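Enquirer: Please read through the structure below; I'll follow up with questions.
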Amino acid sequence: MEKQEPSAAALSAFEGLGAELAAAGVVMGKMFGASSLMLNKKALACLNGDKVVFKLGRDTAEHARALDLPGAVLFDPSGMKRPFKDWVEVPFSSNEEWPAFAEAALQFVAGE
């Protein structure tokens with residue numbers, strides 16, 4: 001994955017997600033070399049530039065809702081048209097949606 005540096009606003013919003021989910025056992029970690037939110041050593045979200053990638057589960061309503069947002073795409077860390085089907089990359093322009101997707105990702109990962 002090509003490392004993209006986040007803006008200060010995106011980094012702050014992402015760190016806020018981590019703080020909101022800390023009581024549920026979520027900690028900051030690394031995935032693909034990027035800042036990530038982890039539950040029991042499993043990633044549920046990571047910061048990729050000014051986008052957050054959420055593990056929502058391909059057949060969930062949250063996954064479909066995320067993909068309906070402008071600029072949202074399936075996460076393809078290799079850039080070789082082999083996306084991770086459970087993961088959706090949501091741009092900063094939809095950051096008001098990030099907390100709901102973070103909660104959905106937490107529930108998805110906790111249920112795996």
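Chain labels A, B, ... are given in the sequence in which chains occur in the structure tokens; within each chain residues are numbered consecutively from 1, and ligands are likewise numbered from 1 in the order shown.
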List the neighbours of A:Ser36 out to 6 Å using only C-alpha atoms; skip same-chain residues closer than 6 positions along the sequence, and give me the result as a list in words.
Expert: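 Here the answer would be Met28, Gly29, Lys30, Ala45 and Cys46 of chain A.
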Enquirer: Output the selection as a compact mmCIF listing (two decimals), in the first residue's frame - N, CA, C and O atoms for each residue.
Expert:
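So the final result, stored in selection.txt, reads:
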# COMPACT_ATOMS: atom_id res chain seq x y z
N MET A 28 -4.94 1.78 19.57
CA MET A 28 -4.25 2.19 18.35
C MET A 28 -3.17 1.17 18.04
O MET A 28 -2.52 0.64 18.93
N GLY A 29 -2.99 0.90 16.74
CA GLY A 29 -1.97 -0.03 16.29
C GLY A 29 -1.56 0.30 14.87
O GLY A 29 -1.78 1.42 14.40
N LYS A 30 -1.00 -0.67 14.17
CA LYS A 30 -0.57 -0.49 12.78
C LYS A 30 -1.12 -1.60 11.90
O LYS A 30 -1.17 -2.76 12.30
N ALA A 45 -10.28 -0.63 11.53
CA ALA A 45 -10.21 0.58 10.70
C ALA A 45 -8.75 1.02 10.62
O ALA A 45 -7.97 0.76 11.53
N CYS A 46 -8.41 1.69 9.51
CA CYS A 46 -7.08 2.28 9.41
C CYS A 46 -7.18 3.60 8.64
O CYS A 46 -8.10 3.81 7.85
Enquirer: Would you give me, as an NGL selection string, the residues in stretch 75-106 of chain A that DSSP reads as strand (DSSP E or B)?
Expert: :A and (75 or 84-91)
Enquirer: Which one of A:Leu74, A:Ala34, A:Ala13, A:Ala19 sits closest to A:Ser93 if you count only C-alpha atoms?
Expert: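 The closest residue to A:Ser93 is A:Ala13.
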Enquirer: Measuring between only C-alpha atoms, which one of A:Arg65, A:Pro77, A:Leu47, A:Ser35 shows the shortest distance to A:Ala100?
Expert: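 Closest candidate: A:Arg65.
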Enquirer: Could you tell me how far atom CA of A:Ser7 lies from atom CA of A:Lys55, in Å and to one decimal?
Expert: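 Atom CA of A:Lys55 lies 21.9 Å from atom CA of A:Ser7.
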Enquirer: Using only C-alpha atoms, which residue out of A:Glu5, A:Asp50, A:Glu62, A:Glu15 lies closest to A:Glu103?
Expert: A:Glu62
Enquirer: A:Ala110: which residues within 10 Å, counting only C-alpha atoms, same-chain residues fewer than 4 positions away excluded, as number ranges by chain?
Expert: A: 24, 39-40, 42, 44, 104-106
Enquirer: May I have the selected residues written with C-alpha atoms, as a tab-separated table (two decimals), in the first residue's frame?
Expert:
chain	number	residue	atom	x	y	z
A	24	ALA	CA	-14.79	-1.11	24.26
A	39	LEU	CA	-9.61	-4.97	18.85
A	40	ASN	CA	-7.90	-8.09	20.20
A	42	LYS	CA	-7.64	-7.49	14.75
A	44	LEU	CA	-11.29	-2.69	12.35
A	104	ALA	CA	-20.30	-0.90	12.88
A	105	ALA	CA	-16.74	-2.09	12.21
A	106	LEU	CA	-16.25	-2.73	15.92
Enquirer: Nearest residue to A:Asp76 out of A:His63, A:Phe14, A:Gly57, A:Val88, using only C-alpha atoms?
Expert: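 Distance minimum relative to A:Asp76 lands on A:Val88.
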Enquirer: Have a look at atom CA of A:Phe92 and atom CA of A:Gly71 and let me know their distance in Å, one decimal.
Expert: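 One can read the atom CA of A:Phe92 to atom CA of A:Gly71 distance as 9.4 Å.
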Enquirer: What lies within 12 Å of A:Phe75 using only C-alpha atoms, ignoring chain neighbours under 4 positions off, as a list in words?
Expert: Met1, Ala45, Cys46, Leu47, Asn48, Lys51, Val52, Val53, Phe54, Lys55, Leu56, Arg58, His63, Ala66, Leu67, Gly71, Gly79, Met80, Lys81, Arg82, Pro83, Phe84, Lys85, Asp86, Trp87, Val88, Glu89, Val90 and Pro91 of chain A
Enquirer: Go through A:Ala8, A:Leu21, A:Leu69, A:Met31 one by one, measure the shortest atom-to-atom distance of each to A:Glu96 using only C-alpha atoms, and give the residue with the smallest value.
Expert: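 Counting only C-alpha atoms, the residue closest to A:Glu96 is A:Leu69.
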Enquirer: I need the residues of stretch 10-99 of chain A that end up classed as alpha helix (DSSP H) by DSSP on the backbone, written out as a ChimeraX atom specification.
Expert: /A:10-21,61-67,98-99
Enquirer: Do you have the atom CA of A:Asp59-atom CA of A:Ala43 distance handy?
Expert: 18.5 Å
Enquirer: From the options A:Ala61, A:Val73, A:Met38, A:Ala102, which residue's atoms come nearest to A:Glu20, counting only C-alpha atoms?
Expert: A:Ala102
